[in-house]
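Data from entry39.cif: mmCIF, C-alpha atoms and all ligand atoms; chains and numbers go by the auth columns
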data_start
loop_
_atom_site.group_PDB
_atom_site.id
_atom_site.type_symbol
_atom_site.label_atom_id
_atom_site.label_comp_id
_atom_site.label_asym_id
_atom_site.label_seq_id
_atom_site.Cartn_x
_atom_site.Cartn_y
_atom_site.Cartn_z
_atom_site.B_iso_or_equiv
_atom_site.auth_seq_id
_atom_site.auth_asym_id
ATOM 1 C CA MET A 1 -41.579 -15.014 -5.556 0.00 1 T
ATOM 2 C CA SER A 2 -42.738 -16.523 -2.262 0.00 2 T
ATOM 3 C CA GLY A 3 -42.738 -14.068 0.618 0.00 3 T
ATOM 4 C CA GLN A 4 -43.079 -16.826 3.222 0.00 4 T
ATOM 5 C CA GLN A 5 -40.243 -18.023 5.404 0.00 5 T
ATOM 6 C CA ILE A 6 -38.678 -21.333 4.390 0.00 6 T
ATOM 7 C CA THR A 7 -36.520 -23.425 6.710 0.00 7 T
ATOM 8 C CA PHE A 8 -34.761 -26.349 5.046 0.00 8 T
ATOM 9 C CA TYR A 9 -33.651 -29.421 7.022 0.00 9 T
ATOM 10 C CA THR A 10 -30.794 -31.238 5.348 0.00 10 T
ATOM 11 C CA ALA A 11 -27.387 -32.934 5.595 0.00 11 T
ATOM 12 C CA ALA A 12 -24.434 -32.609 3.213 0.00 12 T
ATOM 13 C CA TYR A 13 -24.224 -36.324 2.386 0.00 13 T
ATOM 14 C CA SER A 14 -27.929 -36.670 1.578 0.00 14 T
ATOM 15 C CA PRO A 15 -28.835 -36.942 -2.127 0.00 15 T
ATOM 16 C CA PHE A 16 -32.561 -36.711 -1.323 0.00 16 T
ATOM 17 C CA SER A 17 -31.931 -33.413 0.467 0.00 17 T
ATOM 18 C CA GLU A 18 -29.696 -32.129 -2.300 0.00 18 T
ATOM 19 C CA ARG A 19 -32.680 -32.343 -4.644 0.00 19 T
ATOM 20 C CA VAL A 20 -34.493 -29.768 -2.543 0.00 20 T
ATOM 21 C CA ARG A 21 -31.491 -27.495 -2.123 0.00 21 T
ATOM 22 C CA LEU A 22 -30.995 -27.485 -5.870 0.00 22 T
ATOM 23 C CA ALA A 23 -34.619 -26.563 -6.483 0.00 23 T
ATOM 24 C CA LEU A 24 -34.489 -23.771 -3.890 0.00 24 T
ATOM 25 C CA ASP A 25 -31.270 -22.389 -5.392 0.00 25 T
ATOM 26 C CA GLU A 26 -32.562 -22.635 -8.957 0.00 26 T
ATOM 27 C CA ALA A 27 -35.644 -20.712 -7.812 0.00 27 T
ATOM 28 C CA GLY A 28 -33.507 -18.035 -6.133 0.00 28 T
ATOM 29 C CA ALA A 29 -35.344 -18.725 -2.861 0.00 29 T
ATOM 30 C CA LYS A 30 -34.295 -17.161 0.401 0.00 30 T
ATOM 31 C CA TYR A 31 -34.179 -19.877 3.043 0.00 31 T
ATOM 32 C CA THR A 32 -32.684 -20.848 6.387 0.00 32 T
ATOM 33 C CA VAL A 33 -30.676 -24.078 6.565 0.00 33 T
ATOM 34 C CA HIS A 34 -30.686 -26.493 9.475 0.00 34 T
ATOM 35 C CA GLU A 35 -27.864 -28.969 8.851 0.00 35 T
ATOM 36 C CA PHE A 36 -27.764 -32.370 10.540 0.00 36 T
ATOM 37 C CA ASP A 37 -24.652 -34.504 10.893 0.00 37 T
ATOM 38 C CA LYS A 38 -24.523 -37.856 9.156 0.00 38 T
ATOM 39 C CA GLY A 39 -25.683 -40.827 11.210 0.00 39 T
ATOM 40 C CA ARG A 40 -27.025 -38.856 14.149 0.00 40 T
ATOM 41 C CA THR A 41 -30.408 -39.817 15.591 0.00 41 T
ATOM 42 C CA LYS A 42 -32.798 -36.955 14.937 0.00 42 T
ATOM 43 C CA PRO A 43 -33.815 -34.920 17.991 0.00 43 T
ATOM 44 C CA GLU A 44 -37.363 -35.239 19.314 0.00 44 T
ATOM 45 C CA TRP A 45 -38.443 -31.815 17.999 0.00 45 T
ATOM 46 C CA TYR A 46 -37.648 -32.862 14.428 0.00 46 T
ATOM 47 C CA TYR A 47 -40.437 -35.465 14.459 0.00 47 T
ATOM 48 C CA LYS A 48 -42.912 -32.555 14.666 0.00 48 T
ATOM 49 C CA ILE A 49 -41.641 -31.552 11.218 0.00 49 T
ATOM 50 C CA ASN A 50 -41.269 -34.998 9.676 0.00 50 T
ATOM 51 C CA PRO A 51 -42.849 -37.837 11.669 0.00 51 T
ATOM 52 C CA LEU A 52 -40.606 -40.236 9.710 0.00 52 T
ATOM 53 C CA GLY A 53 -37.512 -38.485 11.055 0.00 53 T
ATOM 54 C CA LYS A 54 -36.012 -38.327 7.560 0.00 54 T
ATOM 55 C CA ILE A 55 -34.450 -35.471 5.651 0.00 55 T
ATOM 56 C CA PRO A 56 -35.210 -33.419 3.627 0.00 56 T
ATOM 57 C CA ALA A 57 -38.088 -31.439 5.066 0.00 57 T
ATOM 58 C CA ILE A 58 -39.064 -27.798 5.068 0.00 58 T
ATOM 59 C CA THR A 59 -41.190 -25.563 7.193 0.00 59 T
ATOM 60 C CA TYR A 60 -43.080 -23.008 5.134 0.00 60 T
ATOM 61 C CA GLY A 61 -44.744 -19.865 6.387 0.00 61 T
ATOM 62 C CA GLY A 62 -45.521 -18.898 9.951 0.00 62 T
ATOM 63 C CA PRO A 63 -43.289 -16.626 12.025 0.00 63 T
ATOM 64 C CA GLU A 64 -39.476 -16.526 11.887 0.00 64 T
ATOM 65 C CA VAL A 65 -38.381 -18.878 14.679 0.00 65 T
ATOM 66 C CA PRO A 66 -35.194 -20.775 15.574 0.00 66 T
ATOM 67 C CA SER A 67 -34.973 -23.821 13.304 0.00 67 T
ATOM 68 C CA ASP A 68 -35.026 -26.235 16.259 0.00 68 T
ATOM 69 C CA GLN A 69 -38.232 -24.663 17.596 0.00 69 T
ATOM 70 C CA PRO A 70 -40.667 -25.031 14.694 0.00 70 T
ATOM 71 C CA SER A 71 -43.785 -22.906 14.936 0.00 71 T
ATOM 72 C CA PRO A 72 -47.189 -24.642 15.015 0.00 72 T
ATOM 73 C CA GLU A 73 -48.214 -22.055 12.414 0.00 73 T
ATOM 74 C CA SER A 74 -45.854 -23.215 9.653 0.00 74 T
ATOM 75 C CA ALA A 75 -46.653 -25.928 7.119 0.00 75 T
ATOM 76 C CA LYS A 76 -44.454 -28.984 7.612 0.00 76 T
ATOM 77 C CA LEU A 77 -43.557 -30.513 4.241 0.00 77 T
ATOM 78 C CA PHE A 78 -41.390 -33.538 3.498 0.00 78 T
ATOM 79 C CA GLU A 79 -40.549 -36.171 0.843 0.00 79 T
ATOM 80 C CA SER A 80 -38.169 -34.791 -1.732 0.00 80 T
ATOM 81 C CA LEU A 81 -40.206 -35.304 -4.911 0.00 81 T
ATOM 82 C CA PRO A 82 -43.400 -33.555 -3.725 0.00 82 T
ATOM 83 C CA LEU A 83 -41.112 -30.816 -2.393 0.00 83 T
ATOM 84 C CA LEU A 84 -39.695 -30.301 -5.898 0.00 84 T
ATOM 85 C CA GLU A 85 -43.215 -29.910 -7.272 0.00 85 T
ATOM 86 C CA PHE A 86 -44.044 -27.505 -4.433 0.00 86 T
ATOM 87 C CA ILE A 87 -40.994 -25.331 -5.094 0.00 87 T
ATOM 88 C CA ALA A 88 -41.743 -25.333 -8.828 0.00 88 T
ATOM 89 C CA GLU A 89 -45.287 -24.170 -8.030 0.00 89 T
ATOM 90 C CA ILE A 90 -44.431 -21.379 -5.613 0.00 90 T
ATOM 91 C CA TYR A 91 -41.629 -20.077 -7.851 0.00 91 T
ATOM 92 C CA PRO A 92 -43.244 -20.283 -11.311 0.00 92 T
ATOM 93 C CA ASP A 93 -40.723 -17.813 -12.764 0.00 93 T
ATOM 94 C CA ALA A 94 -37.950 -20.380 -12.275 0.00 94 T
ATOM 95 C CA HIS A 95 -39.656 -22.643 -14.871 0.00 95 T
ATOM 96 C CA LEU A 96 -38.604 -25.781 -13.034 0.00 96 T
ATOM 97 C CA LEU A 97 -41.617 -27.513 -14.556 0.00 97 T
ATOM 98 C CA PRO A 98 -41.917 -26.961 -18.325 0.00 98 T
ATOM 99 C CA SER A 99 -45.054 -25.045 -19.306 0.00 99 T
ATOM 100 C CA ASP A 100 -45.631 -27.390 -22.268 0.00 100 T
ATOM 101 C CA PRO A 101 -47.770 -30.327 -21.026 0.00 101 T
ATOM 102 C CA VAL A 102 -45.866 -32.863 -23.126 0.00 102 T
ATOM 103 C CA LEU A 103 -42.485 -31.754 -21.766 0.00 103 T
ATOM 104 C CA ARG A 104 -43.942 -31.532 -18.262 0.00 104 T
ATOM 105 C CA THR A 105 -45.121 -35.130 -18.489 0.00 105 T
ATOM 106 C CA LYS A 106 -41.763 -36.196 -19.925 0.00 106 T
ATOM 107 C CA ALA A 107 -40.016 -34.539 -16.975 0.00 107 T
ATOM 108 C CA ARG A 108 -42.210 -36.441 -14.512 0.00 108 T
ATOM 109 C CA THR A 109 -41.732 -39.666 -16.486 0.00 109 T
ATOM 110 C CA PHE A 110 -37.956 -39.243 -16.371 0.00 110 T
ATOM 111 C CA ILE A 111 -38.181 -38.988 -12.594 0.00 111 T
ATOM 112 C CA GLN A 112 -40.304 -42.141 -12.441 0.00 112 T
ATOM 113 C CA LEU A 113 -37.822 -43.964 -14.672 0.00 113 T
ATOM 114 C CA TYR A 114 -35.109 -43.187 -12.163 0.00 114 T
ATOM 115 C CA VAL A 115 -37.257 -44.051 -9.142 0.00 115 T
ATOM 116 C CA ASN A 116 -38.740 -47.270 -10.524 0.00 116 T
ATOM 117 C CA TYR A 117 -35.942 -48.689 -12.651 0.00 117 T
ATOM 118 C CA VAL A 118 -32.578 -47.134 -11.763 0.00 118 T
ATOM 119 C CA HIS A 119 -32.525 -46.534 -8.015 0.00 119 T
ATOM 120 C CA ASP A 120 -32.715 -50.171 -6.881 0.00 120 T
ATOM 121 C CA PRO A 121 -30.087 -51.476 -9.345 0.00 121 T
ATOM 122 C CA PHE A 122 -27.866 -48.554 -8.239 0.00 122 T
ATOM 123 C CA LYS A 123 -28.266 -49.581 -4.607 0.00 123 T
ATOM 124 C CA GLY A 124 -27.772 -53.230 -5.562 0.00 124 T
ATOM 125 C CA ALA A 125 -24.503 -52.739 -7.407 0.00 125 T
ATOM 126 C CA PHE A 126 -22.990 -50.096 -5.138 0.00 126 T
ATOM 127 C CA PHE A 127 -24.280 -50.956 -1.671 0.00 127 T
ATOM 128 C CA LEU A 128 -24.991 -54.692 -1.852 0.00 128 T
ATOM 129 C CA GLY A 129 -22.346 -55.878 -4.302 0.00 129 T
ATOM 130 C CA SER A 130 -24.915 -57.261 -6.771 0.00 130 T
ATOM 131 C CA PRO A 131 -23.802 -57.814 -10.382 0.00 131 T
ATOM 132 C CA ALA A 132 -23.252 -54.742 -12.583 0.00 132 T
ATOM 133 C CA GLU A 133 -25.512 -55.769 -15.470 0.00 133 T
ATOM 134 C CA PRO A 134 -28.859 -54.493 -14.039 0.00 134 T
ATOM 135 C CA ILE A 135 -27.510 -50.994 -13.343 0.00 135 T
ATOM 136 C CA LEU A 136 -25.899 -50.835 -16.797 0.00 136 T
ATOM 137 C CA GLN A 137 -29.206 -51.804 -18.412 0.00 137 T
ATOM 138 C CA ALA A 138 -31.044 -49.252 -16.262 0.00 138 T
ATOM 139 C CA ILE A 139 -28.637 -46.451 -17.230 0.00 139 T
ATOM 140 C CA GLU A 140 -29.133 -47.399 -20.863 0.00 140 T
ATOM 141 C CA LYS A 141 -32.908 -46.983 -20.433 0.00 141 T
ATOM 142 C CA LEU A 142 -32.420 -43.641 -18.705 0.00 142 T
ATOM 143 C CA GLN A 143 -30.089 -42.559 -21.508 0.00 143 T
ATOM 144 C CA GLN A 144 -32.712 -43.484 -24.117 0.00 144 T
ATOM 145 C CA ALA A 145 -35.176 -41.176 -22.362 0.00 145 T
ATOM 146 C CA LEU A 146 -32.835 -38.164 -22.558 0.00 146 T
ATOM 147 C CA ALA A 147 -33.574 -35.432 -25.085 0.00 147 T
ATOM 148 C CA PRO A 148 -31.032 -35.526 -27.963 0.00 148 T
ATOM 149 C CA THR A 149 -29.182 -32.536 -26.475 0.00 149 T
ATOM 150 C CA GLY A 150 -29.323 -30.487 -23.290 0.00 150 T
ATOM 151 C CA PHE A 151 -30.931 -31.728 -20.115 0.00 151 T
ATOM 152 C CA ALA A 152 -33.396 -34.572 -19.574 0.00 152 T
ATOM 153 C CA VAL A 153 -36.196 -32.872 -21.504 0.00 153 T
ATOM 154 C CA GLY A 154 -33.951 -30.284 -23.178 0.00 154 T
ATOM 155 C CA GLN A 155 -34.556 -27.362 -20.826 0.00 155 T
ATOM 156 C CA PHE A 156 -33.388 -27.735 -17.210 0.00 156 T
ATOM 157 C CA SER A 157 -36.218 -29.005 -14.994 0.00 157 T
ATOM 158 C CA ILE A 158 -37.146 -30.925 -11.863 0.00 158 T
ATOM 159 C CA ALA A 159 -36.281 -34.078 -13.845 0.00 159 T
ATOM 160 C CA ASP A 160 -32.596 -33.124 -13.666 0.00 160 T
ATOM 161 C CA ILE A 161 -32.889 -31.955 -10.081 0.00 161 T
ATOM 162 C CA ALA A 162 -34.391 -35.295 -9.024 0.00 162 T
ATOM 163 C CA VAL A 163 -31.793 -37.428 -10.751 0.00 163 T
ATOM 164 C CA ALA A 164 -28.558 -35.397 -10.553 0.00 164 T
ATOM 165 C CA PRO A 165 -27.703 -36.011 -6.871 0.00 165 T
ATOM 166 C CA PHE A 166 -27.861 -39.772 -7.479 0.00 166 T
ATOM 167 C CA VAL A 167 -26.200 -40.174 -10.871 0.00 167 T
ATOM 168 C CA MET A 168 -23.422 -37.764 -9.890 0.00 168 T
ATOM 169 C CA ARG A 169 -22.706 -39.768 -6.741 0.00 169 T
ATOM 170 C CA MET A 170 -22.842 -42.978 -8.762 0.00 170 T
ATOM 171 C CA MET A 171 -20.184 -41.658 -11.156 0.00 171 T
ATOM 172 C CA LEU A 172 -18.057 -40.364 -8.285 0.00 172 T
ATOM 173 C CA PHE A 173 -18.256 -43.704 -6.457 0.00 173 T
ATOM 174 C CA LEU A 174 -17.270 -45.510 -9.626 0.00 174 T
ATOM 175 C CA LYS A 175 -14.368 -43.147 -10.320 0.00 175 T
ATOM 176 C CA THR A 176 -13.012 -43.472 -6.802 0.00 176 T
ATOM 177 C CA GLY A 177 -13.718 -47.200 -6.343 0.00 177 T
ATOM 178 C CA LEU A 178 -16.226 -46.621 -3.534 0.00 178 T
ATOM 179 C CA GLY A 179 -18.838 -49.345 -3.427 0.00 179 T
ATOM 180 C CA ALA A 180 -19.570 -52.915 -2.467 0.00 180 T
ATOM 181 C CA TYR A 181 -18.941 -54.223 -6.013 0.00 181 T
ATOM 182 C CA SER A 182 -16.022 -56.540 -6.757 0.00 182 T
ATOM 183 C CA ASN A 183 -13.005 -55.253 -8.694 0.00 183 T
ATOM 184 C CA GLU A 184 -14.253 -57.125 -11.794 0.00 184 T
ATOM 185 C CA GLU A 185 -17.763 -55.673 -11.642 0.00 185 T
ATOM 186 C CA GLY A 186 -16.323 -52.209 -10.972 0.00 186 T
ATOM 187 C CA GLN A 187 -14.106 -52.488 -14.047 0.00 187 T
ATOM 188 C CA LYS A 188 -17.047 -53.757 -16.087 0.00 188 T
ATOM 189 C CA MET A 189 -19.101 -50.689 -15.118 0.00 189 T
ATOM 190 C CA ARG A 190 -16.195 -48.299 -15.804 0.00 190 T
ATOM 191 C CA ASP A 191 -15.512 -49.875 -19.214 0.00 191 T
ATOM 192 C CA ALA A 192 -19.174 -49.829 -20.217 0.00 192 T
ATOM 193 C CA ILE A 193 -19.934 -46.293 -19.063 0.00 193 T
ATOM 194 C CA GLY A 194 -16.692 -45.069 -20.641 0.00 194 T
ATOM 195 C CA SER A 195 -17.628 -46.628 -23.997 0.00 195 T
ATOM 196 C CA GLU A 196 -19.241 -44.997 -27.047 0.00 196 T
ATOM 197 C CA LYS A 197 -22.570 -46.592 -26.121 0.00 197 T
ATOM 198 C CA PHE A 198 -22.897 -44.335 -23.082 0.00 198 T
ATOM 199 C CA ALA A 199 -21.600 -41.118 -24.682 0.00 199 T
ATOM 200 C CA ARG A 200 -24.957 -39.317 -24.320 0.00 200 T
ATOM 201 C CA PHE A 201 -25.179 -40.261 -20.630 0.00 201 T
ATOM 202 C CA ARG A 202 -21.629 -38.998 -20.001 0.00 202 T
ATOM 203 C CA GLN A 203 -22.441 -35.735 -21.765 0.00 203 T
ATOM 204 C CA TYR A 204 -25.515 -35.403 -19.549 0.00 204 T
ATOM 205 C CA ILE A 205 -23.403 -35.882 -16.410 0.00 205 T
ATOM 206 C CA GLN A 206 -20.968 -33.247 -17.679 0.00 206 T
ATOM 207 C CA ASP A 207 -23.811 -30.812 -18.386 0.00 207 T
ATOM 208 C CA LEU A 208 -25.130 -31.365 -14.856 0.00 208 T
ATOM 209 C CA HIS A 209 -21.684 -30.595 -13.404 0.00 209 T
ATOM 210 C CA GLU A 210 -21.627 -27.332 -15.341 0.00 210 T
ATOM 211 C CA ARG A 211 -25.031 -26.116 -14.173 0.00 211 T
ATOM 212 C CA PRO A 212 -24.194 -23.236 -11.751 0.00 212 T
ATOM 213 C CA SER A 213 -26.586 -24.396 -8.998 0.00 213 T
ATOM 214 C CA ILE A 214 -24.741 -27.732 -8.988 0.00 214 T
ATOM 215 C CA LYS A 215 -21.219 -26.506 -9.759 0.00 215 T
ATOM 216 C CA ASN A 216 -21.232 -23.946 -6.956 0.00 216 T
ATOM 217 C CA HIS A 217 -22.114 -26.537 -4.362 0.00 217 T
ATOM 218 C CA TRP A 218 -20.761 -29.924 -5.466 0.00 218 T
ATOM 219 C CA ASP A 219 -17.671 -30.796 -3.391 0.00 219 T
ATOM 220 C CA GLU A 220 -16.130 -34.098 -4.470 0.00 220 T
ATOM 221 C CA ALA A 221 -13.617 -34.272 -1.635 0.00 221 T
ATOM 222 C CA LEU A 222 -16.371 -33.681 0.920 0.00 222 T
ATOM 223 C CA GLN A 223 -18.616 -36.329 -0.658 0.00 223 T
ATOM 224 C CA ILE A 224 -15.785 -38.889 -0.580 0.00 224 T
ATOM 225 C CA GLU A 225 -15.119 -38.033 3.054 0.00 225 T
ATOM 226 C CA LEU A 226 -18.813 -38.360 3.949 0.00 226 T
ATOM 227 C CA TRP A 227 -19.369 -41.636 2.071 0.00 227 T
ATOM 228 C CA LYS A 228 -16.126 -43.570 2.390 0.00 228 T
ATOM 229 C CA ASN A 229 -17.118 -45.164 5.712 0.00 229 T
ATOM 230 C CA HIS A 230 -20.635 -46.096 4.629 0.00 230 T
ATOM 231 C CA PRO A 231 -21.421 -49.539 6.110 0.00 231 T
ATOM 232 C CA GLY A 232 -22.522 -50.836 2.667 0.00 232 T
ATOM 233 C CA PHE A 233 -19.129 -49.922 1.212 0.00 233 T
ATOM 234 C CA GLN A 234 -17.252 -51.758 3.967 0.00 234 T
ATOM 235 C CA ARG A 235 -18.300 -55.093 2.495 0.00 235 T
ATOM 236 C CA LYS A 236 -15.969 -54.561 -0.394 0.00 236 T
ATOM 237 C CA ALA A 237 -13.021 -54.274 1.982 0.00 237 T
ATOM 238 C CA ALA A 238 -14.196 -57.402 3.835 0.00 238 T
ATOM 239 C CA LYS A 239 -14.241 -59.345 0.544 0.00 239 T
ATOM 240 C CA GLN A 240 -10.654 -58.490 -0.320 0.00 240 T
ATOM 241 C CA PRO A 241 -7.943 -60.975 0.662 0.00 241 T
ATOM 242 C CA VAL A 242 -6.394 -60.202 4.020 0.00 242 T
ATOM 243 C CA ALA A 243 -2.584 -59.958 3.936 0.00 243 T
ATOM 244 C CA ALA A 244 -0.888 -62.660 6.002 0.00 244 T
HETATM 245 N N1 LIG B . -38.358 -40.854 0.246 0.00 1 C
HETATM 246 C C1 LIG B . -37.631 -39.884 1.026 0.00 1 C
HETATM 247 C C2 LIG B . -36.280 -40.475 1.405 0.00 1 C
HETATM 248 C C3 LIG B . -35.553 -39.624 2.398 0.00 1 C
HETATM 249 C C4 LIG B . -34.350 -40.351 2.998 0.00 1 C
HETATM 250 O O1 LIG B . -34.251 -41.581 2.979 0.00 1 C
HETATM 251 N N2 LIG B . -33.462 -39.557 3.579 0.00 1 C
HETATM 252 C C5 LIG B . -32.309 -40.117 4.216 0.00 1 C
HETATM 253 C C6 LIG B . -31.092 -39.273 3.943 0.00 1 C
HETATM 254 S S1 LIG B . -30.601 -39.295 2.245 0.00 1 C
HETATM 255 C C7 LIG B . -32.522 -40.102 5.728 0.00 1 C
HETATM 256 O O2 LIG B . -33.161 -39.228 6.263 0.00 1 C
HETATM 257 N N3 LIG B . -31.929 -41.075 6.398 0.00 1 C
HETATM 258 C C8 LIG B . -31.901 -41.101 7.807 0.00 1 C
HETATM 259 C C9 LIG B . -32.891 -42.037 8.366 0.00 1 C
HETATM 260 O O3 LIG B . -33.428 -42.859 7.607 0.00 1 C
HETATM 261 O O4 LIG B . -33.099 -41.944 9.573 0.00 1 C
HETATM 262 C C10 LIG B . -37.486 -38.580 0.225 0.00 1 C
HETATM 263 O O5 LIG B . -37.564 -38.647 -1.017 0.00 1 C
HETATM 264 O O6 LIG B . -37.350 -37.511 0.814 0.00 1 C
#
Just give me the structure as C-alpha cells.
Amino acid sequence: MSGQQITFYTAAYSPFSERVRLALDEAGAKYTVHEFDKGRTKPEWYYKINPLGKIPAITYGGPEVPSDQPSPESAKLFESLPLLEFIAEIYPDAHLLPSDPVLRTKARTFIQLYVNYVHDPFKGAFFLGSPAEPILQAIEKLQQALAPTGFAVGQFSIADIAVAPFVMRMMLFLKTGLGAYSNEEGQKMRDAIGSEKFARFRQYIQDLHERPSIKNHWDEALQIELWKNHPGFQRKAAKQPVAA
C-alpha cells in the first residue's frame, strides 16, 4: 500500500476521470478529491499540475497541502490510461493488472480496442449524429474480445476500468434518448443492442453495474442532469420539427 499522499483532480461528468477514481477505489487508496464543475475554465494553478488543463490528474507524494496549492515536491501525473497503470503498479495487491503475461496483454489490448476502434464511432453516433452502423460494428468487435464469462479478461482489471465509464454512459444515453442521433438511428441501436447478437455485451454491462466500486458511485440521475445540456446533444433537438 502506498504511503504517499494522493490528490485526485476530477469532475462528476468526466468519464476519463472516473477511470482513475475507479482504480483508486478498487485499490483501497486513501486520497483527497478536488472536484471541478463542468464547463468551467481551469484556474491558473491547475496548469502546474496538468499543462493541458484537462482532468483527470493526480499529485503524488510531497507534503499534505491544500489541493489548490500544489507542492513543487509532488509528482504531477495526468492522462487517464497511464494513471491506471501507475495505480496498478503502486497497489500490486489490488491485482488490477493480471499477473499472467497473456492476460495482462489481453487487458491492454482490450483497452486499445476501445481507444482505437470504439471511441470515435461512439462520439460520431452520439455527439455528431453520424449513422449507427459503425458503433454497432465496433461494439461487436469489443464483444468478440470479451472472455466467455466474467469481465473483459475474466478477472476484473484495468481493461474494465478503462472501458466502463464510456460504455455505461453510452447505454444510459441510448436508454434515455440523449444523443445527436436521429430517432431512426436511435431505434436501430436500441434494437440491435437489445437483440440476441449482443447478449454477451449486455451481460458485461450488467456485471460492470454490479461491481461494488462502480455500483456505489454510479448515479444515473446525476449523469443525466450533467449531460442533458451537452452542446453535441442539442443538435438532435435542432433537427426535430418545430411546432407551428
Ligand atoms: N486523454 C485524456 C483526456 C482527458 C479529457 O479530455 N478530459 C476532459 C474531461 S472528460 C477535459 O478535461 N475536458 C476539459 C477540457 O478539455 O478543457 C485522458 O485520458 O486523461
Open item on the list: Applying the PyMOL selection byres (((chain T and resi 66-74) around 12) and not hetatm) to the file I just gave you, which residues come out? Please list them as a PyMOL selection string.
Closed with: chain T and resi 4-10+31-36+42-50+57-65+75-77
Open item on the list: Within 12 Å of ligand LIG 1 (chain C) (counting only C-alpha atoms and all ligand atoms), which residues show up? I'd like them as a ChimeraX atom specification.
Closed with: /T:9-21,35-43,46-47,50-58,77-84,111,115,119,162-163,165-166,169,226-227
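Counting from CA of Pro134 (chain T), the distance to CA of Thr176 (chain T) is 20.6 Å.
In this structure, CA of Phe198 (chain T) sits 10.5 Å away from CA of Leu142 (chain T).
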Open item on the list: Between CA of Ile87 (chain T) and CA of Ala152 (chain T), what distance in Å does the model show, to one decimal?
Closed with: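 Going from CA of Ile87 (chain T) over to CA of Ala152 (chain T) covers 18.8 Å.
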Task: Selection result of the PyMOL selection byres (((chain T and resi 90-96) around 6) and not hetatm) on this file, as a VMD selection string - done: chain T and resid 1 27 87 to 89 97 to 98 157 to 158
Pull C-alpha atoms from the residues just selected and write them as an mmCIF file, keeping the file's coordinate frame.
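The new file part03.cif reads:
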data_model
loop_
_atom_site.group_PDB
_atom_site.id
_atom_site.type_symbol
_atom_site.label_atom_id
_atom_site.label_comp_id
_atom_site.auth_asym_id
_atom_site.auth_seq_id
_atom_site.Cartn_x
_atom_site.Cartn_y
_atom_site.Cartn_z
ATOM 1 C CA MET T 1 -41.579 -15.014 -5.556
ATOM 2 C CA ALA T 27 -35.644 -20.712 -7.812
ATOM 3 C CA ILE T 87 -40.994 -25.331 -5.094
ATOM 4 C CA ALA T 88 -41.743 -25.333 -8.828
ATOM 5 C CA GLU T 89 -45.287 -24.170 -8.030
ATOM 6 C CA LEU T 97 -41.617 -27.513 -14.556
ATOM 7 C CA PRO T 98 -41.917 -26.961 -18.325
ATOM 8 C CA SER T 157 -36.218 -29.005 -14.994
ATOM 9 C CA ILE T 158 -37.146 -30.925 -11.863
#
Open item on the list: Counting all atoms listed in the file, which residue out of T:Val153, T:Asn183, T:Met189, T:Ile224 sits closest to Thr109 (chain T)?
Closed with: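 Among T:Val153, T:Asn183, T:Met189, T:Ile224, it is T:Val153 that comes nearest to Thr109 (chain T).
Between Gly154 (chain T) and the residues T:Pro121, T:Ala199, T:Tyr204, T:Phe233, the shortest atom-to-atom distance, using all atoms listed in the file, involves T:Tyr204.
If you count only C-alpha atoms and ignore residues fewer than 6 places along the chain from Ile193 (chain T), what sits within 9 Å of it is T:Leu136, T:Ile139, T:Ala199, T:Phe201, T:Arg202.
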Can you tell me, as lines of an AutoDock Vina configuration file, the centre and edge lengths (Å, one decimal) of the axis-aligned box enclosing all of region 209-227 of chain T's listed atoms after padding each side by 6 Å?
center_x = -20.1
center_y = -32.4
center_z = -5.7
size_x = 25.0
size_y = 30.4
size_z = 31.3
Task: Residues in the PyMOL selection byres (((chain T and resi 174) around 12) and not hetatm), expressed as JSON, numbers by chain - done: {"T": [122, 125, 126, 127, 132, 167, 168, 169, 170, 171, 172, 173, 175, 176, 177, 178, 179, 180, 181, 182, 183, 185, 186, 187, 188, 189, 190, 191, 192, 193, 194, 224, 233]}
Open item on the list: I'd like to know which of T:Val102, T:Ala29, T:Ala107, T:Leu208 is closest to Ala145 (chain T), using all atoms listed in the file.
Closed with: T:Ala107
Task: Residue with smallest distance to His209 (chain T) - pool T:Arg104, T:Asp160, T:Glu225, T:Ser2, counting only C-alpha atoms - done: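 Of T:Arg104, T:Asp160, T:Glu225, T:Ser2, the one nearest His209 (chain T) is T:Asp160, counting only C-alpha atoms.
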